[in-house]
Amino acid sequence: MRFCLQVTVAIVAGALSTSALAHEEKLEGSEWGMVGDPETGGRFISFAGQGRLFGFGGCNRLNGTYTQHDGHLTISDIATTRMGCDADIMRREAEFIAMLGKVRGAKADHTLLLLLDEAGSDLRTLIRRSPEPPSTEE
């Protein structure tokens with residue numbers, strides 16, 4: 001099952017990275033988790049109003065700020081609580097936070113968020129954890 005999810009995500013992420021989106025999806029109000037992490041207790045980020053970012057790195061809660069415009073996404077001022085966990089969990093958390101600091105762009109659809117670095121290269125694909133926003137089409 002896990003292998004199927006990873007293959008499906010890889011295929012869809014490839015489609016996201018090679019196709020232009022019709023419009024920029026606003027991230028405010030959405031929550032995205034790491035593929036392969038358990039839905040509860042897994043690493044995630046949540047885009048709140050007024051450019052605030054919240055999440056969980058695997059051991060510690062995190063918060064920061066973000067700006068999004070014209071396909072650009074920047075995450076900054078990341079701070080965490082100071083809990084201690086198993087060395088492997090702490091290593092993965094540090095990698096997750098470092099990756100978030102490198103984000104300079106994003107592409108999103110209803111289920112996946114592709115985070116991009118300054119060169120436009122894929123950093124990580126996240127999967128939507130929050131419900132889809134209501135449709136604005138009538």
# chains A, B, ... in the order shown; residues from 1 in each chain; ligands from 1

call {"tool": "residues_around", "arguments": {"residues": "Thr67 (chain A)", "least_positions_apart": "6", "cutoff": "10 Å", "atoms": "only C-alpha atoms", "output": "PDB file with N, CA and C atoms, in the first residue's frame"}}
result
ATOM      1  N   LEU A  27      -2.843  29.241  -0.602  1.00  0.00           N
ATOM      2  CA  LEU A  27      -2.560  28.249   0.420  1.00  0.00           C
ATOM      3  C   LEU A  27      -3.206  28.565   1.765  1.00  0.00           C
ATOM      4  N   PHE A  47      -1.048  26.665   6.615  1.00  0.00           N
ATOM      5  CA  PHE A  47      -0.973  28.059   6.202  1.00  0.00           C
ATOM      6  C   PHE A  47      -2.177  28.805   6.772  1.00  0.00           C
ATOM      7  N   GLN A  50      -3.022  36.002   7.539  1.00  0.00           N
ATOM      8  CA  GLN A  50      -2.034  37.037   7.826  1.00  0.00           C
ATOM      9  C   GLN A  50      -0.597  36.538   7.692  1.00  0.00           C
ATOM     10  N   GLY A  51      -0.396  35.578   6.785  1.00  0.00           N
ATOM     11  CA  GLY A  51       0.950  35.098   6.503  1.00  0.00           C
ATOM     12  C   GLY A  51       1.595  34.287   7.608  1.00  0.00           C
ATOM     13  N   ARG A  52       0.801  33.696   8.477  1.00  0.00           N
ATOM     14  CA  ARG A  52       1.334  32.883   9.574  1.00  0.00           C
ATOM     15  C   ARG A  52       1.345  31.411   9.170  1.00  0.00           C
ATOM     16  N   LEU A  53       2.385  30.713   9.578  1.00  0.00           N
ATOM     17  CA  LEU A  53       2.561  29.293   9.293  1.00  0.00           C
ATOM     18  C   LEU A  53       2.684  28.557  10.621  1.00  0.00           C
ATOM     19  N   LEU A  73       6.659  31.331  -3.270  1.00  0.00           N
ATOM     20  CA  LEU A  73       6.317  31.050  -1.882  1.00  0.00           C
ATOM     21  C   LEU A  73       7.611  31.103  -1.090  1.00  0.00           C
ATOM     22  N   THR A  74       7.616  31.891  -0.037  1.00  0.00           N
ATOM     23  CA  THR A  74       8.767  31.969   0.847  1.00  0.00           C
ATOM     24  C   THR A  74       8.297  31.684   2.256  1.00  0.00           C
ATOM     25  N   ILE A  75       9.014  30.806   2.948  1.00  0.00           N
ATOM     26  CA  ILE A  75       8.736  30.477   4.341  1.00  0.00           C
ATOM     27  C   ILE A  75       9.928  30.973   5.144  1.00  0.00           C
ATOM     28  N   SER A  76       9.652  31.738   6.203  1.00  0.00           N
ATOM     29  CA  SER A  76      10.762  32.311   6.973  1.00  0.00           C
ATOM     30  C   SER A  76      10.406  32.405   8.455  1.00  0.00           C
ATOM     31  N   ARG A 104      11.122  28.532  -2.254  1.00  0.00           N
ATOM     32  CA  ARG A 104      10.995  29.807  -2.966  1.00  0.00           C
ATOM     33  C   ARG A 104       9.840  29.796  -3.964  1.00  0.00           C
ATOM     34  N   GLY A 105       9.176  28.657  -4.079  1.00  0.00           N
ATOM     35  CA  GLY A 105       8.054  28.559  -5.001  1.00  0.00           C
ATOM     36  C   GLY A 105       7.214  27.346  -4.668  1.00  0.00           C
TER      37      GLY A 105
END

call {"tool": "atom_distance", "arguments": {"atom1": "CA of Asp86 (chain A)", "atom2": "CA of Asn63 (chain A)"}}
result
21.4 Å

call {"tool": "atom_distance", "arguments": {"atom1": "CA of Glu31 (chain A)", "atom2": "CA of Met90 (chain A)"}}
result
21.8 Å

call {"tool": "residues_around", "arguments": {"residues": "Arg43 (chain A)", "least_positions_apart": "5", "cutoff": "6 Å", "atoms": "only C-alpha atoms", "output": "VMD selection string"}}
result
chain A and resid 33 to 34 56 to 58

call {"tool": "closest_residue", "arguments": {"among": "A:Asp109, A:Glu93, A:Asp122, A:Glu25", "to": "Arg61 (chain A)", "atoms": "only C-alpha atoms"}}
result
A:Glu93

call {"tool": "closest_residue", "arguments": {"among": "A:Leu112, A:Phe54, A:Glu95, A:Ala106", "to": "Ile78 (chain A)", "atoms": "only C-alpha atoms"}}
result
A:Phe54

call {"tool": "select_by_dssp", "arguments": {"residues": "region 81-132 of chain A", "states": "strand (DSSP E or B)", "output": "mmCIF file with N, CA and C atoms, in the first residue's frame"}}
result
data_model
loop_
_atom_site.group_PDB
_atom_site.id
_atom_site.type_symbol
_atom_site.label_atom_id
_atom_site.label_comp_id
_atom_site.auth_asym_id
_atom_site.auth_seq_id
_atom_site.Cartn_x
_atom_site.Cartn_y
_atom_site.Cartn_z
ATOM 1 N N GLY A 105 9.176 28.657 -4.079
ATOM 2 C CA GLY A 105 8.054 28.559 -5.001
ATOM 3 C C GLY A 105 7.214 27.346 -4.668
ATOM 4 N N ALA A 106 6.029 27.283 -5.276
ATOM 5 C CA ALA A 106 5.134 26.155 -5.035
ATOM 6 C C ALA A 106 4.168 26.010 -6.190
ATOM 7 N N LYS A 107 3.754 24.775 -6.400
ATOM 8 C CA LYS A 107 2.670 24.447 -7.319
ATOM 9 C C LYS A 107 1.730 23.543 -6.543
ATOM 10 N N ALA A 108 0.444 23.794 -6.660
ATOM 11 C CA ALA A 108 -0.521 23.019 -5.889
ATOM 12 C C ALA A 108 -1.713 22.650 -6.749
ATOM 13 N N LEU A 112 -2.116 17.772 -3.845
ATOM 14 C CA LEU A 112 -0.670 17.795 -3.667
ATOM 15 C C LEU A 112 -0.115 19.210 -3.726
ATOM 16 N N LEU A 113 0.934 19.436 -2.931
ATOM 17 C CA LEU A 113 1.661 20.696 -2.918
ATOM 18 C C LEU A 113 3.121 20.381 -3.212
ATOM 19 N N LEU A 114 3.622 20.913 -4.308
ATOM 20 C CA LEU A 114 5.010 20.709 -4.711
ATOM 21 C C LEU A 114 5.799 21.934 -4.289
ATOM 22 N N LEU A 115 6.748 21.756 -3.380
ATOM 23 C CA LEU A 115 7.592 22.852 -2.911
ATOM 24 C C LEU A 115 8.837 22.919 -3.777
ATOM 25 N N LEU A 116 9.203 24.127 -4.190
ATOM 26 C CA LEU A 116 10.312 24.343 -5.117
ATOM 27 C C LEU A 116 11.390 25.216 -4.482
ATOM 28 N N ASP A 122 12.417 20.608 -7.592
ATOM 29 C CA ASP A 122 11.551 20.022 -6.572
ATOM 30 C C ASP A 122 12.312 19.829 -5.265
ATOM 31 N N LEU A 123 11.741 20.316 -4.171
ATOM 32 C CA LEU A 123 12.276 20.054 -2.838
ATOM 33 C C LEU A 123 11.535 18.898 -2.180
ATOM 34 N N ARG A 124 10.198 18.969 -2.223
ATOM 35 C CA ARG A 124 9.377 17.966 -1.549
ATOM 36 C C ARG A 124 7.950 18.102 -2.035
ATOM 37 N N THR A 125 7.248 16.984 -2.071
ATOM 38 C CA THR A 125 5.821 16.982 -2.365
ATOM 39 C C THR A 125 5.082 16.665 -1.076
ATOM 40 N N LEU A 126 4.108 17.488 -0.746
ATOM 41 C CA LEU A 126 3.276 17.282 0.434
ATOM 42 C C LEU A 126 1.864 16.927 -0.024
ATOM 43 N N ILE A 127 1.136 16.253 0.841
ATOM 44 C CA ILE A 127 -0.224 15.837 0.520
ATOM 45 C C ILE A 127 -1.203 16.602 1.417
ATOM 46 N N ARG A 128 -2.341 17.002 0.835
ATOM 47 C CA ARG A 128 -3.323 17.792 1.592
ATOM 48 C C ARG A 128 -3.878 16.973 2.747
#
